[in-house]
Amino acid sequence: MNHLIFDRFFVRKPSAIVCAAAVLIFAVQFPMIAQTNKTQTVDRTRLEVIEELSESLANDLLELSIATCDRDFQNTAQFFPAQLFANVFPSRPSPAKTQVKWIGSHGWEIPDANRANEVQKMTGAEFLRGWSEFLAHFSEIEDARFKVKEANFDEKAKAVLGAEQPTAVVGASGRARVAFYVIGRDISGKREWTHGTANVNVRFDANKHWQFDSFELLSVDSMVAETDLFSEVAVPAGVGAGLPSFGTPENSGFVWHGAAAADFNNDGWIDLFATSANRNFLYLNTGKGNFRDASDEAGVKIIATGTAPLVFDFDNDGDADVFISAVGQQILLENTFKQTGKLEFNDVSLEAGVAKDAIGFSAVAGDVNGDGFLDVYVTSYNRYGQVTP
C-alpha cells in the first residue's frame, strides 16, 4: 500500500498515523535479501514479479466470478484441468437454524451424507458437476465473487514484466487461500448469501488461464432471509441511473465506485453524492421521499471523477465539501453554498495541494495534528513501504 496524508492539504511525512482506512485486496509474501541490525532489505525485482502474479490470478478470478454469475460453465471449465485433487462440492443444504427471527443459516452436505468428503483425485468434469448442482440451488444469482485472500508463489514462477495486463509465464505455480461468495435467491425465492473458503494450488496453463490443480474446500455456509427486509426503490426515488456493470467491456476499470451522504444545501435533508466510471452524480433530497439530479446545476457532472467520495468540511465554513480518492490525481471539490447561497462545487485540488498521483481506493478524514482542521488519509496501492512525499 502507498499512503497519502494531507495535513490541511500541505503534504508531509507523518511521524505517527492517528487514523487510517485500508482496503485489503490480498496478502502476498515479501521476499527479503538480507537482515542487518534488524533492517530488512526487500528484493524489489522479485516483489514486482509477485505483484504481477497476484494481480494476474486476481484478474482471472474476476473472470471466473462473472462466469459463475452468468452460469457460463463453458468459460468456467477453462479454470479446471482434466484432473485435479478436490473434495466433492456439497450441493445439498443442511437443515436451517434460526439466527434471529427473520434470518436463518445452514451448512451444506454432499449428496451421499454417509461418505467422508476427503480430498481425492477426480476429473475436472466431476468437480464441475458438483459445482453446477450447487448453483442449481439458486433460482437467481445476483452476484458471485472469488477473491484471493493469501497467495504464495514458487520461486521459479515468473511473470511477463511490462505486459499491458498482469500476465504470468506458462507453468508458473503457487498456493492460495480463496474466498467465494454467491448472493441471490434460493429455489423457494428467499434471499440467500453463501460464503466459502478453500485452499488451492494454482498453475498458469497454456490456455492463458490460471487453473486449480487442487481445490480443498475448507468451509461453506449460507445465511437465508425468511422475508425481504428491503425493497428496491431506486427508480421511483429518482436515483436509478443505469451504469455498465463492473467487469464488462463498457466498465473495464479495476476499481469500484462509491457514494456518500450529507446535507449539501443545508435544508435539513440528507442528499447523495456518487462517483462512476465517467461522471459524478449529485442527488438532492426533495423531502418528499425522492431525489432530483442536481449534477449539472451544481457543476459536479463534468468535474473529474474517481473511486470513492469522502464528505467533510475541509475549510471549516459550515458546509459539506467532497474529497474523491482516484486512480490518478486526487480530487477536492469545495462547496460554495455558505459563501454564495447557491449550491456549486469548485475543483480546488491544485491550490489545496491534493492533486497527487496515486491508485486511491478510499480516504478518511480526521484532525491528525490537532490544529482544528480536518486532514485526509488516502489508501493507495502498488508502492509498498512508501509515503508521499
# chains A, B, ... in the order shown; residues from 1 in each chain; ligands from 1

$ select_by_dssp --residues "range 98-270 of chain A" --states "alpha helix (DSSP H)" --output "CSV table (one decimal) with N, CA and C atoms, in the first residue's frame"
chain,number,residue,atom,x,y,z
A,124,GLY,N,-11.9,-32.9,-13.9
A,124,GLY,CA,-12.4,-31.6,-13.8
A,124,GLY,C,-13.9,-31.6,-14.1
A,125,ALA,N,-14.4,-32.5,-14.9
A,125,ALA,CA,-15.8,-32.6,-15.2
A,125,ALA,C,-16.6,-33.0,-14.0
A,126,GLU,N,-16.0,-33.9,-13.2
A,126,GLU,CA,-16.7,-34.4,-11.9
A,126,GLU,C,-16.8,-33.2,-10.9
A,127,PHE,N,-15.7,-32.5,-10.8
A,127,PHE,CA,-15.8,-31.3,-9.9
A,127,PHE,C,-16.9,-30.3,-10.3
A,128,LEU,N,-16.9,-30.0,-11.6
A,128,LEU,CA,-17.8,-29.0,-12.2
A,128,LEU,C,-19.2,-29.5,-12.1
A,129,ARG,N,-19.4,-30.8,-12.1
A,129,ARG,CA,-20.8,-31.4,-11.9
A,129,ARG,C,-21.3,-31.0,-10.6
A,130,GLY,N,-20.5,-31.2,-9.5
A,130,GLY,CA,-20.9,-30.8,-8.2
A,130,GLY,C,-21.1,-29.3,-8.1
A,131,TRP,N,-20.2,-28.5,-8.7
A,131,TRP,CA,-20.4,-27.0,-8.7
A,131,TRP,C,-21.7,-26.6,-9.4
A,132,SER,N,-22.0,-27.3,-10.5
A,132,SER,CA,-23.3,-27.0,-11.2
A,132,SER,C,-24.5,-27.3,-10.3
A,133,GLU,N,-24.4,-28.5,-9.6
A,133,GLU,CA,-25.5,-28.9,-8.8
A,133,GLU,C,-25.7,-27.9,-7.6
A,134,PHE,N,-24.6,-27.4,-7.1
A,134,PHE,CA,-24.6,-26.4,-6.0
A,134,PHE,C,-25.3,-25.1,-6.5
A,135,LEU,N,-24.9,-24.6,-7.7
A,135,LEU,CA,-25.5,-23.4,-8.2
A,135,LEU,C,-27.0,-23.6,-8.6
A,234,ALA,N,-35.0,2.4,-6.2
A,234,ALA,CA,-34.1,3.4,-6.8
A,234,ALA,C,-34.7,4.2,-7.9
A,235,VAL,N,-35.5,3.6,-8.8
A,235,VAL,CA,-36.1,4.3,-9.9
A,235,VAL,C,-37.2,5.3,-9.4
A,236,PRO,N,-38.2,4.8,-8.6
A,236,PRO,CA,-39.2,5.8,-8.1
A,236,PRO,C,-38.6,6.9,-7.2
A,237,ALA,N,-37.4,6.6,-6.6
A,237,ALA,CA,-36.8,7.6,-5.7
A,237,ALA,C,-35.9,8.6,-6.5

$ residues_around --residues "Ala86 in chain A" --least-positions-apart "5" --cutoff "8 Å" --atoms "only C-alpha atoms" --output "PyMOL selection string"
chain A and resi 118-122+127+214-217

$ write_last_selection --atoms "N, CA and C atoms" --output "compact mmCIF listing (two decimals), in the first residue's frame"
# COMPACT_ATOMS: atom_id res chain seq x y z
N GLU A 118 -13.33 -36.39 1.71
CA GLU A 118 -11.91 -36.08 1.76
C GLU A 118 -11.42 -35.66 0.38
N VAL A 119 -10.30 -34.96 0.37
CA VAL A 119 -9.69 -34.58 -0.90
C VAL A 119 -9.28 -35.84 -1.65
N GLN A 120 -9.64 -35.90 -2.91
CA GLN A 120 -9.38 -37.08 -3.72
C GLN A 120 -9.12 -36.65 -5.16
N LYS A 121 -8.55 -37.56 -5.91
CA LYS A 121 -8.31 -37.28 -7.31
C LYS A 121 -9.61 -37.46 -8.08
N MET A 122 -9.94 -36.46 -8.89
CA MET A 122 -11.16 -36.53 -9.69
C MET A 122 -10.94 -35.78 -10.99
N PHE A 127 -15.75 -32.46 -10.80
CA PHE A 127 -15.81 -31.32 -9.88
C PHE A 127 -16.86 -30.31 -10.35
N SER A 214 -5.54 -28.17 -7.39
CA SER A 214 -6.23 -28.73 -6.23
C SER A 214 -7.19 -27.68 -5.70
N PHE A 215 -8.28 -28.17 -5.10
CA PHE A 215 -9.31 -27.29 -4.55
C PHE A 215 -9.84 -27.95 -3.28
N GLU A 216 -9.20 -27.61 -2.14
CA GLU A 216 -9.59 -28.19 -0.85
C GLU A 216 -10.59 -27.26 -0.18
N LEU A 217 -11.84 -27.64 -0.20
CA LEU A 217 -12.89 -26.81 0.39
C LEU A 217 -12.78 -26.87 1.91

$ closest_atom_pairs --of "range 202-227 of chain A" --to "range 170-188 of chain A" --cutoff "6 Å" --atoms "only C-alpha atoms" --output "CSV"
residue,atom,partner,partner_atom,distance
A:Val202,CA,A:Gly174,CA,5.4
A:Arg203,CA,A:Ser173,CA,4.2
A:Phe204,CA,A:Val170,CA,5.2
A:Asp205,CA,A:Val170,CA,5.5
A:Ala206,CA,A:Val170,CA,5.8

$ write_last_selection --atoms "N, CA and C atoms" --output "tab-separated table (two decimals), in the first residue's frame"
chain	number	residue	atom	x	y	z
A	202	VAL	N	-2.49	-23.54	-7.64
A	202	VAL	CA	-2.80	-22.96	-8.94
A	202	VAL	C	-1.60	-23.05	-9.87
A	203	ARG	N	-1.88	-23.10	-11.15
A	203	ARG	CA	-0.83	-23.19	-12.17
A	203	ARG	C	-1.32	-22.45	-13.40
A	204	PHE	N	-0.43	-21.63	-13.98
A	204	PHE	CA	-0.81	-20.89	-15.19
A	204	PHE	C	-0.63	-21.79	-16.40
A	205	ASP	N	-1.74	-22.08	-17.05
A	205	ASP	CA	-1.78	-23.08	-18.12
A	205	ASP	C	-1.51	-22.45	-19.49
A	206	ALA	N	-1.26	-23.31	-20.46
A	206	ALA	CA	-1.04	-22.85	-21.83
A	206	ALA	C	-2.28	-22.21	-22.43

$ select_by_dssp --residues "range 37-158 of chain A" --states "strand (DSSP E or B)" --output "ChimeraX atom specification"
/A:39-42,83-86,92-93,97-100,103-109,120-123,138-153

$ residues_around --residues "Asp293 in chain A" --least-positions-apart "6" --cutoff "9 Å" --atoms "only C-alpha atoms" --output "VMD selection string"
chain A and resid 238 to 239 281 to 284

$ write_last_selection --atoms "N, CA and C atoms" --output "short mmCIF file (atom, residue, chain, number, x, y, z; two decimals), in the first residue's frame"
data_model
loop_
_atom_site.label_atom_id
_atom_site.label_comp_id
_atom_site.auth_asym_id
_atom_site.auth_seq_id
_atom_site.Cartn_x
_atom_site.Cartn_y
_atom_site.Cartn_z
N GLY A 238 -35.75 8.32 -7.79
CA GLY A 238 -35.01 9.26 -8.61
C GLY A 238 -33.52 9.06 -8.64
N VAL A 239 -33.03 7.89 -8.19
CA VAL A 239 -31.59 7.64 -8.18
C VAL A 239 -31.24 6.38 -8.97
N PHE A 281 -22.48 12.12 -9.74
CA PHE A 281 -23.91 12.35 -9.58
C PHE A 281 -24.15 13.05 -8.25
N LEU A 282 -24.94 14.12 -8.26
CA LEU A 282 -25.38 14.77 -7.03
C LEU A 282 -26.90 14.72 -6.99
N TYR A 283 -27.45 13.99 -6.03
CA TYR A 283 -28.89 13.85 -5.87
C TYR A 283 -29.33 14.63 -4.64
N LEU A 284 -30.20 15.63 -4.84
CA LEU A 284 -30.72 16.41 -3.73
C LEU A 284 -32.04 15.84 -3.25
#

$ closest_residue --among "A:Thr275, A:Asn152, A:Asn59, A:Ser349" --to "Lys208 in chain A" --atoms "only C-alpha atoms"
A:Asn59

$ residues_around --residues "Ala259 in chain A" --least-positions-apart "6" --cutoff "8 Å" --atoms "only C-alpha atoms" --output "list in words"
Leu272, Phe273, Ala274, Thr275, Ala308 and Pro309 of chain A

$ write_last_selection --atoms "N, CA and C atoms" --output "mmCIF file, in the first residue's frame"
data_model
loop_
_atom_site.group_PDB
_atom_site.id
_atom_site.type_symbol
_atom_site.label_atom_id
_atom_site.label_comp_id
_atom_site.auth_asym_id
_atom_site.auth_seq_id
_atom_site.Cartn_x
_atom_site.Cartn_y
_atom_site.Cartn_z
ATOM 1 N N LEU A 272 -27.274 12.846 -1.643
ATOM 2 C CA LEU A 272 -26.339 11.795 -2.045
ATOM 3 C C LEU A 272 -25.367 12.309 -3.096
ATOM 4 N N PHE A 273 -24.092 11.921 -2.953
ATOM 5 C CA PHE A 273 -23.060 12.203 -3.958
ATOM 6 C C PHE A 273 -22.468 10.860 -4.360
ATOM 7 N N ALA A 274 -22.436 10.567 -5.665
ATOM 8 C CA ALA A 274 -21.931 9.273 -6.141
ATOM 9 C C ALA A 274 -20.953 9.474 -7.287
ATOM 10 N N THR A 275 -19.923 8.637 -7.333
ATOM 11 C CA THR A 275 -18.984 8.631 -8.451
ATOM 12 C C THR A 275 -19.330 7.480 -9.386
ATOM 13 N N ALA A 308 -13.850 6.785 -4.686
ATOM 14 C CA ALA A 308 -14.738 6.876 -3.522
ATOM 15 C C ALA A 308 -14.808 8.315 -3.013
ATOM 16 N N PRO A 309 -16.014 8.868 -2.853
ATOM 17 C CA PRO A 309 -16.138 10.218 -2.303
ATOM 18 C C PRO A 309 -16.098 10.208 -0.779
#

$ closest_residue --among "A:Asn207, A:Thr340, A:Ser295, A:Ser362" --to "Ser325 in chain A" --atoms "only C-alpha atoms"
A:Ser362

$ closest_residue --among "A:Asn290, A:Gln211, A:Thr98, A:Asn369" --to "Ala82 in chain A" --atoms "only C-alpha atoms"
A:Gln211

$ residues_around --residues "Glu334 in chain A" --least-positions-apart "5" --cutoff "6 Å" --atoms "only C-alpha atoms" --output "number ranges by chain"
A: 321, 345-346

$ closest_residue --among "A:Ser94, A:Thr379, A:Gln74, A:Asn266" --to "Ala358 in chain A" --atoms "only C-alpha atoms"
A:Thr379

$ atom_distance --atom1 "CA of Gly104 in chain A" --atom2 "CA of Val224 in chain A"
5.1 Å

$ atom_distance --atom1 "CA of Thr68 in chain A" --atom2 "CA of Arg145 in chain A"
8.2 Å

$ residues_around --residues "Ile324 in chain A" --least-positions-apart "3" --cutoff "8 Å" --atoms "only C-alpha atoms" --output "list in words"
Thr305, Gly306, Thr307, Ala308, Pro309, Leu310, Gln330, Ile331, Leu332 and Ala363 of chain A

$ write_last_selection --atoms "N, CA and C atoms" --output "short mmCIF file (atom, residue, chain, number, x, y, z; two decimals), in the first residue's frame"
data_model
loop_
_atom_site.label_atom_id
_atom_site.label_comp_id
_atom_site.auth_asym_id
_atom_site.auth_seq_id
_atom_site.Cartn_x
_atom_site.Cartn_y
_atom_site.Cartn_z
N THR A 305 -13.90 12.73 -11.94
CA THR A 305 -14.46 11.77 -11.00
C THR A 305 -13.38 10.81 -10.55
N GLY A 306 -13.74 9.88 -9.67
CA GLY A 306 -12.75 8.94 -9.16
C GLY A 306 -13.40 7.74 -8.52
N THR A 307 -12.78 7.23 -7.47
CA THR A 307 -13.21 5.97 -6.87
C THR A 307 -14.26 6.17 -5.79
N ALA A 308 -13.85 6.78 -4.69
CA ALA A 308 -14.74 6.88 -3.52
C ALA A 308 -14.81 8.31 -3.01
N PRO A 309 -16.01 8.87 -2.85
CA PRO A 309 -16.14 10.22 -2.30
C PRO A 309 -16.10 10.21 -0.78
N LEU A 310 -15.50 11.23 -0.22
CA LEU A 310 -15.45 11.45 1.23
C LEU A 310 -16.01 12.84 1.50
N GLN A 330 -5.65 12.98 -7.09
CA GLN A 330 -6.72 13.06 -6.11
C GLN A 330 -7.49 14.37 -6.31
N ILE A 331 -8.75 14.40 -5.86
CA ILE A 331 -9.65 15.49 -6.22
C ILE A 331 -10.28 16.08 -4.96
N LEU A 332 -10.34 17.42 -4.88
CA LEU A 332 -11.03 18.11 -3.80
C LEU A 332 -12.01 19.10 -4.39
N ALA A 363 -10.58 6.96 1.38
CA ALA A 363 -9.97 8.01 2.19
C ALA A 363 -10.80 8.21 3.45
#

$ closest_residue --among "A:Leu333, A:Ala198, A:Ala298, A:Leu229" --to "Phe89 in chain A" --atoms "only C-alpha atoms"
A:Ala198

$ atom_distance --atom1 "CA of Ser276 in chain A" --atom2 "CA of Thr167 in chain A"
27.2 Å

$ residues_around --residues "Val160 in chain A" --least-positions-apart "2" --cutoff "9 Å" --atoms "only C-alpha atoms" --output "mmCIF file with C-alpha atoms, in the first residue's frame"
data_model
loop_
_atom_site.group_PDB
_atom_site.id
_atom_site.type_symbol
_atom_site.label_atom_id
_atom_site.label_comp_id
_atom_site.auth_asym_id
_atom_site.auth_seq_id
_atom_site.Cartn_x
_atom_site.Cartn_y
_atom_site.Cartn_z
ATOM 1 C CA VAL A 49 7.095 -10.399 -10.072
ATOM 2 C CA GLU A 52 2.221 -9.250 -11.243
ATOM 3 C CA LEU A 53 1.456 -12.893 -10.471
ATOM 4 C CA LYS A 158 7.735 -15.786 -13.382
ATOM 5 C CA GLY A 162 5.978 -4.825 -18.809
ATOM 6 C CA ALA A 163 2.894 -6.543 -20.212
ATOM 7 C CA PRO A 166 -0.528 -8.570 -15.457
ATOM 8 C CA THR A 167 0.395 -11.893 -17.063
ATOM 9 C CA ALA A 168 2.121 -14.994 -15.733
ATOM 10 C CA VAL A 169 4.575 -17.127 -17.679
#
